[in-house]
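Asks: Before I ask anything, let me first share the structure, which is written out below as C-alpha cells.
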Amino acid sequence: MILTAMGARHVNPFDRGEEDGTREDKDVPPHEVRPELFSSDNKIQTVDRAMDLGLAEDHFSRPVFFWSCSHSKVKDMQGSFVASDIEQLKQAIEECKRLILELPEHSERQKDTVVKLIHLRLKLQELQDPEEDEPNLRVLLEHRFSKEKSKSVKQTCDKCSTIIWGLIQTWYTCTGCYYRCHSKCMNLITKPCVRSKVSHQSEYELNICPEIGLDKQDYRCAECRTPVSLRGVPSEARQCDYTGQYYCSSCHWNDTAIIPARVIHNWEFEPRKVCRSSVRYLSLMMPRPVLKLREINPLLFNFVEELVEIRKLRQDILLMKPYFITCKEAMEARLLLQLHDRQHFVENDDMYSLQDLIDISSGRLSCSLTEIHTTFAKHIKLDCERCQAKGFVCELCKEGDVLFPFDSHTSVCHDCSAVFHRDCYYDNSTTCPRCTRMTERKHDPANA
C-alpha cells in the first residue's frame, strides 16, 4: 500500500496479499468497473464509490513493482495501467456529472460532488499531459521557447486560446516576442517570432487602417486562413486597426494599442483594437527610434508646441556632448548614462520612437529631459573648470560673460562653430571674425 498526500491509501493491484479478508473485489482486475458500482439504488453509496475512484487512488504516481523484470516489460505494464486509470477517471467523471443533475439543487452533497468532479478532471488532465522529458529550451520558427517554472500565474495559450493551468500543465514562453503556449500546442504553431520581423524590418505601417476589404481576403482570417464573416458565422471577423485586415477570434483577442499612423498624422493617442501579432509587434517596436517626423509630417511641429520644446532640448544636448566626451570628470560621473534608455537623444535630434511621442503627449518627457538638461548645463558652466575653459567670448562686441553654444541667447557659426551673442551676430553685416582669420591664415604665404 502507498499513502497518498491526501491521506487516502493507494492499493497496488499486484499487492493482494495485504488486502486478504478486507477487500471483497480482490479478484476483479483493476481496469474493470463493476456495474453495481454506479447502481441507482443507493445514491449515497454511489457518490462515495465514484469519489473514491478518483481521489482515494494516486493517479499521479506509477505502479510500484517489487520483483525484477526486463525494462521493456516494465514500460509496457506502466503504460497499460496509465491507460486503465484514464478510462476509469473518464467513467467516474461522467457518473459525477450525472449525479450532479440528479441530486437536490444547492444541497451540500451536490456541492461536494462538484468539487470532487473538478479534482477528477484535473487528475485526468495530468495523466493526458505528462510533464516528463520536457526540454527547458526549444527553438521553433525562430521562436526561442523557454520552459516556465511559475505554477501560480494564470496565462492564456496564444495557440489554442485556452487557459494554461500552471499547476498541472507544462507551458513555454518565447524569450523574443513573449508568445505563450502549452507544451502540447508547440507542434501546431504556424506564426514565426515577431522579434525577427522587428530585427529585419524595423518600420511602421504609416497609413491609417489600410483596409483592403474582407472579399479581397477571400473571407478568411489574414493569419490562419480560418473562414470568417461579419455575421459571426462560422467565426467572427475582427478588424485590426493597425494592419487594416480581418482576423478570426483566435488571432484577434480585441487587445488594444496606440496606432503610430494616427499619432503621426492626427496626434491621436486613443488605443484601438488590434490582432495578437500586431500587439506583440507594436510592443517590441515601441522603444525603437524609427520615426523621422520632419520627413513624414513636418507640419506637426507647427501645431504641437511640445515637439518644438523637445527638439530644442535635444539640440542643446548634442551641443553639450563634445564637452562630456573630453572631460575626465564627466566620464567618471557617467553623465551621459542618464539618457541610457533614450540613446538616440545623444546621436541625433530628428529620430523619435513611439514611446517618445507618447511621453511628449503626457508631459513626462518634457519634465525629465529638462531636468537632465539642467544637470548637464550646471556641470559645464559651474562645476567643472575644464569645461568652463572651453567657453567663448563674443568677438563682435567683446563684452558680457563666457558664452556656450547651448545658451538660449547665443548663435553659432555654422562653418567654424564660434559662439556670439544672438543680437550681435544677426545685426552685424560682416562675416564671422574667426572664419576671416582662418581664411587669411590659409592664404598667407608665410604659413605655406
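Here's how to read the names in the C-alpha cells: chain A, B, ... by the order shown, residue numbers from 1 in each chain, ligand numbers from 1 in the order shown.
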Can you list, as a ChimeraX atom specification, every protein, DNA or RNA residue that comes within 12 Å of Leu337 of chain A when you count only C-alpha atoms, leaving out same-chain residues fewer than 4 positions away?

Replies: /A:321,324-325,330-333,341-346,372,376

Asks: Would you give me, as a PyMOL selection string, the residues in segment 181-275 of chain A that DSSP reads as alpha helix (DSSP H)?

Replies: chain A and resi 194-200+260-266

Asks: Output as a Markdown table one row per residue of segment 242-322 of chain A within 10 Å of segment 195-198 of chain A: the closest atom pair and its distance in Å to one decimal place, counting only C-alpha atoms, sorted by chain and residue number ascending.

Replies:
```
| residue | atom | partner | partner_atom | distance |
| --- | --- | --- | --- | --- |
| A:Arg280 | CA | A:Arg195 | CA | 8.6 |
| A:Tyr281 | CA | A:Val198 | CA | 7.1 |
| A:Leu282 | CA | A:Val198 | CA | 9.3 |
| A:Leu284 | CA | A:Arg195 | CA | 7.2 |
| A:Met285 | CA | A:Val198 | CA | 6.8 |
| A:Arg288 | CA | A:Val198 | CA | 9.5 |
```

Asks: If we count only C-alpha atoms and set the cut-off at 8 Å, which residues sit around segment 358-360 of chain A, ignoring sequence neighbours fewer than 5 positions away in its own chain? Please answer as a VMD selection string.

Replies: chain A and resid 269 306 to 307 310 365 to 366

Asks: For the structure I just gave you, how does DSSP split segment 244-341 of chain A - specifically, which residues are strand (DSSP E)? Reply as a PyMOL selection string.

Replies: chain A and resi 246-247+255-257+272-274+291-292

Asks: How would the residues just picked look written out with N, CA, C and O atoms as a PDB file, in the first residue's frame?

Replies:
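That gives us result-v4.pdb:
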```pdb
ATOM      1  N   TYR A 246      -8.647  41.639 -41.573  1.00  0.00           N
ATOM      2  CA  TYR A 246      -9.605  40.968 -40.695  1.00  0.00           C
ATOM      3  C   TYR A 246      -9.020  39.639 -40.209  1.00  0.00           C
ATOM      4  O   TYR A 246      -8.326  38.938 -40.950  1.00  0.00           O
ATOM      5  N   TYR A 247      -9.352  39.314 -38.955  1.00  0.00           N
ATOM      6  CA  TYR A 247      -8.815  38.115 -38.315  1.00  0.00           C
ATOM      7  C   TYR A 247      -9.926  37.378 -37.592  1.00  0.00           C
ATOM      8  O   TYR A 247     -10.980  37.957 -37.281  1.00  0.00           O
ATOM      9  N   ASP A 255      -7.398  42.968 -28.204  1.00  0.00           N
ATOM     10  CA  ASP A 255      -6.402  43.760 -27.488  1.00  0.00           C
ATOM     11  C   ASP A 255      -6.357  45.166 -28.095  1.00  0.00           C
ATOM     12  O   ASP A 255      -6.726  45.363 -29.254  1.00  0.00           O
ATOM     13  N   THR A 256      -5.898  46.120 -27.309  1.00  0.00           N
ATOM     14  CA  THR A 256      -5.828  47.495 -27.795  1.00  0.00           C
ATOM     15  C   THR A 256      -4.386  48.002 -27.749  1.00  0.00           C
ATOM     16  O   THR A 256      -3.591  47.578 -26.908  1.00  0.00           O
ATOM     17  N   ALA A 257      -4.077  48.911 -28.656  1.00  0.00           N
ATOM     18  CA  ALA A 257      -2.732  49.505 -28.717  1.00  0.00           C
ATOM     19  C   ALA A 257      -2.827  50.861 -29.399  1.00  0.00           C
ATOM     20  O   ALA A 257      -3.772  51.142 -30.151  1.00  0.00           O
ATOM     21  N   ARG A 272      -6.584  51.505 -30.013  1.00  0.00           N
ATOM     22  CA  ARG A 272      -7.520  50.857 -30.943  1.00  0.00           C
ATOM     23  C   ARG A 272      -7.339  49.343 -30.887  1.00  0.00           C
ATOM     24  O   ARG A 272      -6.282  48.844 -30.502  1.00  0.00           O
ATOM     25  N   LYS A 273      -8.349  48.633 -31.334  1.00  0.00           N
ATOM     26  CA  LYS A 273      -8.293  47.170 -31.309  1.00  0.00           C
ATOM     27  C   LYS A 273      -7.363  46.641 -32.401  1.00  0.00           C
ATOM     28  O   LYS A 273      -7.471  47.057 -33.564  1.00  0.00           O
ATOM     29  N   VAL A 274      -6.463  45.747 -31.987  1.00  0.00           N
ATOM     30  CA  VAL A 274      -5.502  45.170 -32.929  1.00  0.00           C
ATOM     31  C   VAL A 274      -5.407  43.667 -32.686  1.00  0.00           C
ATOM     32  O   VAL A 274      -5.795  43.162 -31.624  1.00  0.00           O
ATOM     33  N   LEU A 291      11.081  56.823 -36.315  1.00  0.00           N
ATOM     34  CA  LEU A 291      10.181  57.826 -36.888  1.00  0.00           C
ATOM     35  C   LEU A 291      10.931  59.140 -37.099  1.00  0.00           C
ATOM     36  O   LEU A 291      11.359  59.782 -36.137  1.00  0.00           O
ATOM     37  N   LYS A 292      11.097  59.517 -38.360  1.00  0.00           N
ATOM     38  CA  LYS A 292      11.725  60.796 -38.700  1.00  0.00           C
ATOM     39  C   LYS A 292      10.619  61.795 -39.010  1.00  0.00           C
ATOM     40  O   LYS A 292      10.152  61.931 -40.148  1.00  0.00           O
TER      41      LYS A 292
END
```

Asks: For Val419 of chain A, find every residue with an atom within 12 Å (counting only C-alpha atoms), except residues of its own chain fewer than 5 positions away, and show them as a ChimeraX atom specification.

Replies: /A:319,390-398,401-414,424-425,432-435

Asks: Now that the selection is made, can you save its residues with C-alpha atoms as a PDB file, in the first residue's frame?

Replies:
```
ATOM      1  CA  LEU A 319      25.997  70.560 -28.297  1.00  0.00           C
ATOM      2  CA  LYS A 390      36.144  75.818 -23.382  1.00  0.00           C
ATOM      3  CA  GLY A 391      33.632  78.662 -23.424  1.00  0.00           C
ATOM      4  CA  PHE A 392      33.580  81.547 -25.921  1.00  0.00           C
ATOM      5  CA  VAL A 393      33.754  85.318 -25.783  1.00  0.00           C
ATOM      6  CA  CYS A 394      31.684  87.246 -28.315  1.00  0.00           C
ATOM      7  CA  GLU A 395      34.260  88.654 -30.786  1.00  0.00           C
ATOM      8  CA  LEU A 396      31.751  91.115 -32.205  1.00  0.00           C
ATOM      9  CA  CYS A 397      31.038  93.100 -29.033  1.00  0.00           C
ATOM     10  CA  LYS A 398      33.783  91.722 -26.785  1.00  0.00           C
ATOM     11  CA  ASP A 401      30.047  86.665 -19.790  1.00  0.00           C
ATOM     12  CA  VAL A 402      31.547  83.496 -21.179  1.00  0.00           C
ATOM     13  CA  LEU A 403      29.232  82.049 -23.823  1.00  0.00           C
ATOM     14  CA  PHE A 404      28.351  78.440 -24.625  1.00  0.00           C
ATOM     15  CA  PRO A 405      26.664  77.142 -27.766  1.00  0.00           C
ATOM     16  CA  PHE A 406      23.654  75.800 -25.863  1.00  0.00           C
ATOM     17  CA  ASP A 407      22.784  79.140 -24.223  1.00  0.00           C
ATOM     18  CA  SER A 408      19.402  80.467 -25.274  1.00  0.00           C
ATOM     19  CA  HIS A 409      20.713  83.981 -26.146  1.00  0.00           C
ATOM     20  CA  THR A 410      23.575  82.843 -28.399  1.00  0.00           C
ATOM     21  CA  SER A 411      24.094  81.973 -32.049  1.00  0.00           C
ATOM     22  CA  VAL A 412      26.655  79.584 -33.511  1.00  0.00           C
ATOM     23  CA  CYS A 413      28.569  79.987 -36.757  1.00  0.00           C
ATOM     24  CA  HIS A 414      27.781  77.008 -38.969  1.00  0.00           C
ATOM     25  CA  CYS A 424      25.389  90.823 -32.313  1.00  0.00           C
ATOM     26  CA  TYR A 425      25.613  88.043 -34.848  1.00  0.00           C
ATOM     27  CA  CYS A 432      32.351  85.716 -38.794  1.00  0.00           C
ATOM     28  CA  PRO A 433      35.707  87.094 -37.467  1.00  0.00           C
ATOM     29  CA  ARG A 434      37.004  83.630 -36.735  1.00  0.00           C
ATOM     30  CA  CYS A 435      36.234  82.410 -40.251  1.00  0.00           C
TER      31      CYS A 435
END
```

Asks: For each of A:His379, A:His200, A:His106, A:Lys154, take the minimum atom-to-atom distance to Arg334 of chain A, counting only C-alpha atoms, then give the residue where this is smallest.

Replies: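 Between A:His379, A:His200, A:His106, A:Lys154, the residue approaching Arg334 of chain A most closely is A:His379.
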
Asks: Compare A:Phe145, A:Phe420, A:Tyr426, A:Tyr323 by their minimum atom-to-atom distance to Gln388 of chain A, counting only C-alpha atoms, and give me the closest one.

Replies: A:Tyr323

Asks: For Leu354 of chain A, which residue among A:Ser283, A:Ser278, A:Gln217, A:Gln315 is the nearest when counting only C-alpha atoms?

Replies: A:Ser283

Asks: Neighbours of Thr190 of chain A within 10 Å (only C-alpha atoms; same-chain residues fewer than 4 positions away dropped), as JSON, numbers by chain?

Replies: {"A": [140, 141, 159, 186, 223, 224]}

Asks: Taking 2 positions as the minimum chain separation for residues in the same chain, which residues sit within 9 Å of segment 229-232 of chain A when counting only C-alpha atoms? Answer as a CSV table (one decimal) with C-alpha atoms, in the first residue's frame.

Replies:
```csv
chain,number,residue,atom,x,y,z
A,214,LEU,CA,-13.0,41.1,-46.5
A,219,TYR,CA,-13.5,35.8,-46.4
A,220,ARG,CA,-10.7,34.2,-44.4
A,227,PRO,CA,-13.2,31.2,-42.7
A,234,PRO,CA,-18.7,30.3,-38.7
A,235,SER,CA,-16.3,32.8,-37.0
A,236,GLU,CA,-16.5,36.5,-36.2
A,237,ALA,CA,-14.3,38.7,-38.4
A,238,ARG,CA,-12.4,41.2,-36.3
A,248,CYS,CA,-10.6,35.3,-36.5
```

Asks: Quick one: residues within 7 Å of segment 112-114 of chain A, only C-alpha atoms, excluding same-chain residues fewer than 3 positions away - as a list in words?

Replies: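 These residues fall inside the cut-off: Cys96, Ile100, Glu108, Arg109, Leu117 and Ile118 of chain A.
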
Asks: To one decimal place in Å, what is the distance between atom CA of Ala377 of chain A and atom CA of Ile317 of chain A?

Replies: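 If I compute the distance from atom CA of Ala377 of chain A to atom CA of Ile317 of chain A, I get 9.0 Å.
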
Asks: Work out how far atom CA of Glu203 of chain A is from atom CA of Asp218 of chain A, in Å to one decimal.

Replies: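 Taking atom CA of Asp218 of chain A and atom CA of Glu203 of chain A, their separation equals 27.3 Å.
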
Asks: Which of these residues is nearest to Glu305 of chain A, using only C-alpha atoms: A:Thr431, A:Asn266, A:Thr436, A:Ser361?

Replies: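 The shortest atom-to-atom distance to Glu305 of chain A comes from A:Ser361.
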
Asks: Quick one: pull the distance between atom CA of Pro192 of chain A and atom CA of Cys177 of chain A, Å, one decimal.

Replies: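 Computing it gives 9.7 Å between the two atoms.
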